[in-house]
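Trainee: Here it is, the structure in full.
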Amino acid sequence: MAAGTICPRVAFVLKGYPRLSETFIAQEIAALEQRGLRIQIYSLRHPTDTRRHPVHDEIRASVTYLPEYLHREPARVARAWWRMRRLPAYRGLVRAWLRDLVRDRSANRMRRFFQALVLANELPADIARLHAHFLHTPASVTRYAALLRGLPWSGSAHAKDIWTSPDWEKREKLASCDWVVTCTATNHAHLSGIAPAGRVGLVYHGLDTARFPPVERPPVSRDGSDAAAPVRILSVGRLVPKKGFDTLLEALARLPAALNWRLAHVGGGPLGKELRQLAGKLGIAERITWHGALDQPGLLTEYRDADFFALACRITGDGDRDGLPNVLMEAQSQSLACVSTSISGVGELILHEETGILVPPDSPAELARAIERLIRDPQLRARLGSAGRRRVAEQFSLDAGIEDLAQRFGLSTSAKTQAGV
């Protein structure tokens, strides 16, 4: 991009903003802004988290909230419909939407249509592209609005949005957009199989090491034998089925009673009450601290206080699953040994017995054996933690992915210098 050229703005369409559980989106927006991309955020939902990460305060993009519930903003919805129905592309949009509605007769499909009308009506004139984070609802709204306004659109696909969406819908969105990036090789292989050639790119989220600077851990001898110095296990994630926290609790309950450990959990979610009850039933409630959601500084403290990290991801009955949980990269950046499951993209980060330990999903017995090994062997924890930190630093830095995205958004290599990065 030539010096002095003003970069057109891109509308980022998100399901909700800001969200503590979607740090990877916030760090991407902040990094792209630093490279010169001008962004306007459109959110389909209002925030529910009471805290914010520091990165949210660094983002300059303004946020517009589309009608989360149509009946609460009838005048805004009606105004958008009245204006947008006059556009030449309106009839084509209605035909496309009706084809989708026949295959998905849901209230959500109705809401997407009218949210798209509001988005299309309120887009500033200098918006040159729309970009959806997540291939399900946000991409539907984005696609409809792009059809109406005659704008190109692109997207980022992650996890649930890929694996719980029907193939017909993914196929049609992939045919309609300019490009889509996704964050694991597993996702990439699946989407590439139903997309036009070259349409899907692999871009790992990566970790912003400026926010998670490495720390040298002093030698630790805790091995579970001393009740006054229990081994400290950390797990981070929303309390939802795909995170497998019931499996983690069942595994911990299988550990020898004389082994001294404590678990700290960070994250909110709908299964909180149920999992606390399960911990009580298993007789381990007194060993667990449930912190709820924390901002990044609070989370960083927990990483540095822990001895190792555990996450028991699974594939649920409806196909929902993690891609490559960023919390694993965060934990490894702090030299924490990690034990997780061999699903989706986890094995792309964690090399079994080299940079961590992998076990099959939904296997409390095997997870318990792996956890017991890590509790009893501080040298093993140190070796895996150091190797994991090196792998994250060498293979999963934020910069490589951001440079790929910057080029896709039309920023030249000089834009980074012009932005003062």
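Ordering of the structure tokens sets the chain letters (A, B, ...), residue numbers begin anew at 1 in every chain, and ligands are numbered from 1 in the order given.
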Just the residues within 7 Å of region 201-203 of chain A, please, counting only C-alpha atoms, with nothing from its chain fewer than 2 positions along; format it as a list in words.

Mentor: Val180, Val181, Thr182, Cys183, Thr184, Ala185, His188, Arg199, His205 and Gly401 of chain A

Trainee: Check region 284-338 of chain A with DSSP on the backbone and list each residue it calls helix (DSSP H, G or I), as a list in words.

Mentor: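 Checking each residue of region 284-338 of chain A, the helix (DSSP H, G or I) ones are Ala285, Glu286, Arg287, Gln296, Pro297, Gly298, Leu299, Leu300, Thr301, Glu302, Tyr303, Arg304, Asp305, Asn326, Val327, Leu328, Met329, Glu330, Ala331, Gln332 and Ser333 of chain A.
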
Trainee: For the selection just defined, write its residues with N, CA and C atoms to a file, as a CSV table (one decimal), in the first residue's frame.

Mentor:
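This is the output file result.csv:
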```
chain,number,residue,atom,x,y,z
A,285,ALA,N,-14.6,-32.5,46.4
A,285,ALA,CA,-15.0,-31.1,46.4
A,285,ALA,C,-14.1,-30.2,47.2
A,286,GLU,N,-13.6,-30.8,48.3
A,286,GLU,CA,-12.7,-29.9,49.1
A,286,GLU,C,-11.3,-29.7,48.5
A,287,ARG,N,-11.0,-30.4,47.5
A,287,ARG,CA,-9.7,-30.2,46.8
A,287,ARG,C,-9.8,-29.3,45.6
A,296,GLN,N,-7.2,-11.5,31.8
A,296,GLN,CA,-5.9,-12.1,31.5
A,296,GLN,C,-4.9,-12.0,32.6
A,297,PRO,N,-4.7,-10.8,33.3
A,297,PRO,CA,-3.8,-10.8,34.4
A,297,PRO,C,-4.1,-11.8,35.5
A,298,GLY,N,-5.4,-12.0,35.8
A,298,GLY,CA,-5.7,-13.0,36.8
A,298,GLY,C,-5.4,-14.4,36.4
A,299,LEU,N,-5.7,-14.6,35.1
A,299,LEU,CA,-5.4,-16.0,34.5
A,299,LEU,C,-3.9,-16.2,34.5
A,300,LEU,N,-3.1,-15.2,34.2
A,300,LEU,CA,-1.6,-15.4,34.1
A,300,LEU,C,-1.1,-15.8,35.5
A,301,THR,N,-1.7,-15.2,36.6
A,301,THR,CA,-1.3,-15.6,37.9
A,301,THR,C,-1.5,-17.0,38.2
A,302,GLU,N,-2.7,-17.5,37.7
A,302,GLU,CA,-3.0,-18.9,38.0
A,302,GLU,C,-2.1,-19.8,37.2
A,303,TYR,N,-1.7,-19.5,36.0
A,303,TYR,CA,-0.8,-20.3,35.2
A,303,TYR,C,0.6,-20.4,36.0
A,304,ARG,N,1.0,-19.3,36.5
A,304,ARG,CA,2.3,-19.3,37.2
A,304,ARG,C,2.3,-19.9,38.6
A,305,ASP,N,1.1,-20.1,39.2
A,305,ASP,CA,1.0,-20.7,40.4
A,305,ASP,C,0.8,-22.3,40.3
A,326,ASN,N,-6.8,-22.4,22.8
A,326,ASN,CA,-5.7,-21.4,23.1
A,326,ASN,C,-5.1,-21.5,24.5
A,327,VAL,N,-5.9,-22.0,25.4
A,327,VAL,CA,-5.4,-22.2,26.8
A,327,VAL,C,-4.3,-23.1,26.9
A,328,LEU,N,-4.2,-24.1,25.9
A,328,LEU,CA,-3.1,-25.0,25.9
A,328,LEU,C,-1.8,-24.3,25.5
A,329,MET,N,-1.9,-23.4,24.5
A,329,MET,CA,-0.8,-22.6,24.2
A,329,MET,C,-0.4,-21.7,25.3
A,330,GLU,N,-1.3,-21.1,25.9
A,330,GLU,CA,-1.1,-20.2,27.0
A,330,GLU,C,-0.3,-20.9,28.2
A,331,ALA,N,-0.8,-22.1,28.5
A,331,ALA,CA,-0.2,-22.9,29.6
A,331,ALA,C,1.2,-23.3,29.2
A,332,GLN,N,1.4,-23.7,28.0
A,332,GLN,CA,2.8,-24.1,27.6
A,332,GLN,C,3.7,-22.9,27.5
A,333,SER,N,3.2,-21.7,27.2
A,333,SER,CA,4.1,-20.6,27.2
A,333,SER,C,4.6,-20.3,28.6
```

Trainee: CA of Lys173 (chain A) and CA of Leu207 (chain A), how far apart in Å?

Mentor: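 It comes out at 28.4 Å.
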
Trainee: Smallest atom-to-atom distance to Ala400 (chain A): which of A:Glu28, A:Trp82, A:Ser335, A:Gly269, using only C-alpha atoms?

Mentor: A:Glu28

Trainee: Just want the 8 Å neighbourhood of region 153-167 of chain A, counted on only C-alpha atoms, with same-chain residues fewer than 2 positions away dropped. Output as a short mmCIF file (atom, residue, chain, number, x, y, z; two decimals) with N, CA and C atoms, in the first residue's frame.

Mentor:
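Full text of around_10.cif as output:
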```cif
data_model
loop_
_atom_site.label_atom_id
_atom_site.label_comp_id
_atom_site.auth_asym_id
_atom_site.auth_seq_id
_atom_site.Cartn_x
_atom_site.Cartn_y
_atom_site.Cartn_z
N ARG A 129 -15.33 -4.48 2.79
CA ARG A 129 -15.40 -5.94 2.94
C ARG A 129 -16.07 -6.26 4.26
N LEU A 130 -16.75 -7.39 4.28
CA LEU A 130 -17.29 -7.94 5.53
C LEU A 130 -16.51 -9.20 5.87
N HIS A 131 -16.29 -9.42 7.16
CA HIS A 131 -15.54 -10.60 7.60
C HIS A 131 -16.24 -11.19 8.82
N ALA A 132 -16.60 -12.46 8.72
CA ALA A 132 -17.32 -13.15 9.79
C ALA A 132 -16.39 -14.02 10.60
N HIS A 133 -16.44 -13.88 11.91
CA HIS A 133 -15.78 -14.84 12.79
C HIS A 133 -16.81 -15.87 13.20
N PHE A 134 -16.59 -17.09 12.78
CA PHE A 134 -17.43 -18.27 12.94
C PHE A 134 -18.29 -18.46 11.70
N LEU A 135 -18.36 -19.71 11.29
CA LEU A 135 -18.98 -20.07 10.02
C LEU A 135 -20.48 -20.31 10.14
N HIS A 136 -21.02 -20.29 11.36
CA HIS A 136 -22.46 -20.54 11.48
C HIS A 136 -23.22 -19.22 11.45
N ALA A 139 -21.59 -15.93 9.95
CA ALA A 139 -21.37 -16.02 8.51
C ALA A 139 -22.68 -15.94 7.74
N THR A 142 -23.51 -12.27 7.69
CA THR A 142 -22.54 -11.62 6.81
C THR A 142 -22.82 -11.90 5.35
N ARG A 143 -23.09 -13.15 5.03
CA ARG A 143 -23.36 -13.52 3.64
C ARG A 143 -24.59 -12.79 3.10
N ALA A 146 -23.78 -9.11 2.61
CA ALA A 146 -22.86 -8.93 1.48
C ALA A 146 -23.60 -9.07 0.15
N LEU A 151 -20.99 -6.56 -1.72
CA LEU A 151 -19.64 -6.47 -1.17
C LEU A 151 -19.01 -7.86 -1.06
N GLU A 169 -24.90 -26.16 4.08
CA GLU A 169 -24.74 -24.75 4.42
C GLU A 169 -23.28 -24.33 4.32
N LYS A 170 -22.38 -25.17 4.83
CA LYS A 170 -20.96 -24.85 4.72
C LYS A 170 -20.54 -24.75 3.26
N ARG A 171 -21.02 -25.70 2.45
CA ARG A 171 -20.63 -25.73 1.04
C ARG A 171 -21.07 -24.44 0.33
N CYS A 177 -18.10 -16.94 -0.54
CA CYS A 177 -17.12 -16.00 0.00
C CYS A 177 -15.86 -15.95 -0.85
N ASP A 178 -15.01 -14.96 -0.56
CA ASP A 178 -13.71 -14.86 -1.23
C ASP A 178 -12.73 -15.88 -0.68
N TRP A 179 -12.68 -15.98 0.64
CA TRP A 179 -11.76 -16.90 1.30
C TRP A 179 -12.21 -17.12 2.75
N VAL A 180 -11.75 -18.23 3.28
CA VAL A 180 -11.98 -18.56 4.69
C VAL A 180 -10.67 -19.10 5.25
N VAL A 181 -10.35 -18.72 6.46
CA VAL A 181 -9.22 -19.32 7.15
C VAL A 181 -9.74 -20.11 8.34
N THR A 182 -9.00 -21.14 8.69
CA THR A 182 -9.35 -21.92 9.88
C THR A 182 -8.09 -22.26 10.64
N CYS A 183 -8.26 -22.70 11.89
CA CYS A 183 -7.15 -22.67 12.84
C CYS A 183 -6.52 -24.03 13.14
N ASN A 187 -9.48 -29.08 10.74
CA ASN A 187 -10.53 -28.23 10.17
C ASN A 187 -10.27 -27.96 8.69
N ILE A 194 -14.94 -29.69 0.81
CA ILE A 194 -16.27 -29.27 0.33
C ILE A 194 -16.23 -27.85 -0.25
N ASP A 318 -23.53 -34.10 19.26
CA ASP A 318 -23.93 -33.32 18.09
C ASP A 318 -22.75 -32.91 17.22
N GLY A 319 -21.55 -33.44 17.55
CA GLY A 319 -20.36 -33.14 16.76
C GLY A 319 -19.54 -31.99 17.25
N ASP A 320 -20.02 -31.26 18.26
CA ASP A 320 -19.27 -30.12 18.78
C ASP A 320 -17.95 -30.57 19.37
N ARG A 321 -16.92 -29.76 19.18
CA ARG A 321 -15.59 -30.09 19.69
C ARG A 321 -14.73 -28.84 19.67
N ASP A 322 -13.63 -28.88 20.39
CA ASP A 322 -12.65 -27.82 20.31
C ASP A 322 -11.86 -27.95 19.02
N GLY A 323 -11.24 -26.84 18.61
CA GLY A 323 -10.27 -26.89 17.51
C GLY A 323 -8.90 -27.13 18.12
#
```

Trainee: Quick one: residues within 7 Å of region 258-261 of chain A, only C-alpha atoms, excluding same-chain residues fewer than 4 positions away - as a VMD selection string?

Mentor: chain A and resid 224 to 227 230 to 232

Trainee: Between A:Ile25, A:Leu275, A:Cys313, A:Ala11, which has the minimum distance to Pro124 (chain A) (counting only C-alpha atoms)?

Mentor: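 Among the listed residues, A:Ala11 lies closest to Pro124 (chain A).
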
Trainee: Taking into account only C-alpha atoms, which residue in the set A:Leu405, A:Ser21, A:Pro196, A:Leu98 is nearest to Leu239 (chain A)?

Mentor: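 Closest to Leu239 (chain A) of all the choices is A:Ser21.
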
Trainee: If you run DSSP on the backbone here, which positions in region 57-300 of chain A get strand (DSSP E)? Please write them as a PDB file with C-alpha atoms, in the first residue's frame.

Mentor:
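Once everything was written out, this is states.pdb:
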```pdb
ATOM      1  CA  VAL A  63     -18.867  -1.559  18.143  1.00  0.00           C
ATOM      2  CA  THR A  64     -22.409  -1.645  16.809  1.00  0.00           C
ATOM      3  CA  TYR A  65     -24.834  -4.141  18.357  1.00  0.00           C
ATOM      4  CA  ILE A 127     -16.764  -0.400   4.324  1.00  0.00           C
ATOM      5  CA  ALA A 128     -15.068  -2.395   1.551  1.00  0.00           C
ATOM      6  CA  ARG A 129     -15.398  -5.935   2.944  1.00  0.00           C
ATOM      7  CA  LEU A 130     -17.290  -7.938   5.527  1.00  0.00           C
ATOM      8  CA  HIS A 131     -15.540 -10.601   7.602  1.00  0.00           C
ATOM      9  CA  ALA A 132     -17.325 -13.145   9.790  1.00  0.00           C
ATOM     10  CA  HIS A 133     -15.781 -14.837  12.790  1.00  0.00           C
ATOM     11  CA  TRP A 153     -16.937 -11.218   2.295  1.00  0.00           C
ATOM     12  CA  SER A 154     -14.564 -13.606   4.019  1.00  0.00           C
ATOM     13  CA  GLY A 155     -14.535 -15.582   7.236  1.00  0.00           C
ATOM     14  CA  SER A 156     -12.687 -17.334  10.015  1.00  0.00           C
ATOM     15  CA  ALA A 157     -13.904 -20.821  10.974  1.00  0.00           C
ATOM     16  CA  VAL A 180     -11.979 -18.563   4.688  1.00  0.00           C
ATOM     17  CA  VAL A 181      -9.217 -19.317   7.150  1.00  0.00           C
ATOM     18  CA  THR A 182      -9.353 -21.922   9.876  1.00  0.00           C
ATOM     19  CA  VAL A 200      -9.627 -22.346   2.526  1.00  0.00           C
ATOM     20  CA  GLY A 201      -6.412 -21.368   4.275  1.00  0.00           C
ATOM     21  CA  LEU A 202      -4.762 -22.696   7.436  1.00  0.00           C
ATOM     22  CA  VAL A 231       0.657 -30.582  43.623  1.00  0.00           C
ATOM     23  CA  ARG A 232      -1.355 -27.812  41.987  1.00  0.00           C
ATOM     24  CA  ILE A 233      -3.314 -28.711  38.844  1.00  0.00           C
ATOM     25  CA  LEU A 234      -4.925 -26.044  36.683  1.00  0.00           C
ATOM     26  CA  SER A 235      -7.707 -26.345  34.112  1.00  0.00           C
ATOM     27  CA  VAL A 236      -9.202 -23.466  32.118  1.00  0.00           C
ATOM     28  CA  TRP A 261      -3.193 -32.518  44.963  1.00  0.00           C
ATOM     29  CA  ARG A 262      -5.445 -29.526  44.401  1.00  0.00           C
ATOM     30  CA  LEU A 263      -7.326 -28.443  41.276  1.00  0.00           C
ATOM     31  CA  ALA A 264      -8.022 -24.830  40.320  1.00  0.00           C
ATOM     32  CA  HIS A 265     -10.547 -24.170  37.559  1.00  0.00           C
ATOM     33  CA  VAL A 266     -10.978 -20.891  35.648  1.00  0.00           C
ATOM     34  CA  ILE A 288     -11.147 -27.967  44.087  1.00  0.00           C
ATOM     35  CA  THR A 289     -11.280 -24.184  43.765  1.00  0.00           C
ATOM     36  CA  TRP A 290     -13.729 -22.809  41.193  1.00  0.00           C
TER      37      TRP A 290
END
```

Trainee: Compile the contact shell of region 372-381 of chain A as JSON, numbers by chain: residues with an atom at most 7 Å away, counting only C-alpha atoms, same-chain residues fewer than 6 positions apart removed.

Mentor: {"A": [220, 221, 222, 223, 224, 231, 255, 308, 337]}

Trainee: Ser342 (chain A): which residues within 7 Å, counting only C-alpha atoms, same-chain residues fewer than 5 positions away excluded, as an mmCIF file with N, CA and C atoms, in the first residue's frame?

Mentor:
```
data_model
loop_
_atom_site.group_PDB
_atom_site.id
_atom_site.type_symbol
_atom_site.label_atom_id
_atom_site.label_comp_id
_atom_site.auth_asym_id
_atom_site.auth_seq_id
_atom_site.Cartn_x
_atom_site.Cartn_y
_atom_site.Cartn_z
ATOM 1 N N GLY A 347 -3.375 -32.501 18.923
ATOM 2 C CA GLY A 347 -2.134 -33.189 18.564
ATOM 3 C C GLY A 347 -1.238 -32.408 17.628
ATOM 4 N N LEU A 358 -0.869 -36.994 25.785
ATOM 5 C CA LEU A 358 -2.192 -37.113 25.198
ATOM 6 C C LEU A 358 -2.814 -38.448 25.585
ATOM 7 N N VAL A 359 -4.102 -38.402 25.882
ATOM 8 C CA VAL A 359 -4.851 -39.621 26.188
ATOM 9 C C VAL A 359 -6.121 -39.609 25.348
ATOM 10 N N PRO A 360 -6.779 -40.756 25.174
ATOM 11 C CA PRO A 360 -8.037 -40.770 24.424
ATOM 12 C C PRO A 360 -9.102 -39.963 25.164
ATOM 13 N N PRO A 361 -10.051 -39.373 24.437
ATOM 14 C CA PRO A 361 -11.136 -38.658 25.114
ATOM 15 C C PRO A 361 -12.065 -39.624 25.842
#
```

Trainee: How many Å separate CA of Leu384 (chain A) from CA of Glu354 (chain A)?

Mentor: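 Computed distance, CA of Leu384 (chain A) to CA of Glu354 (chain A), equals 6.3 Å.
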
Trainee: Near Leu147 (chain A), counting only C-alpha atoms, which residues have an atom at most 9 Å away, once you skip same-chain residues fewer than 5 positions from it, shown as an MDAnalysis selection string?

Mentor: chainID A and resid 89:90 92:93 142 152
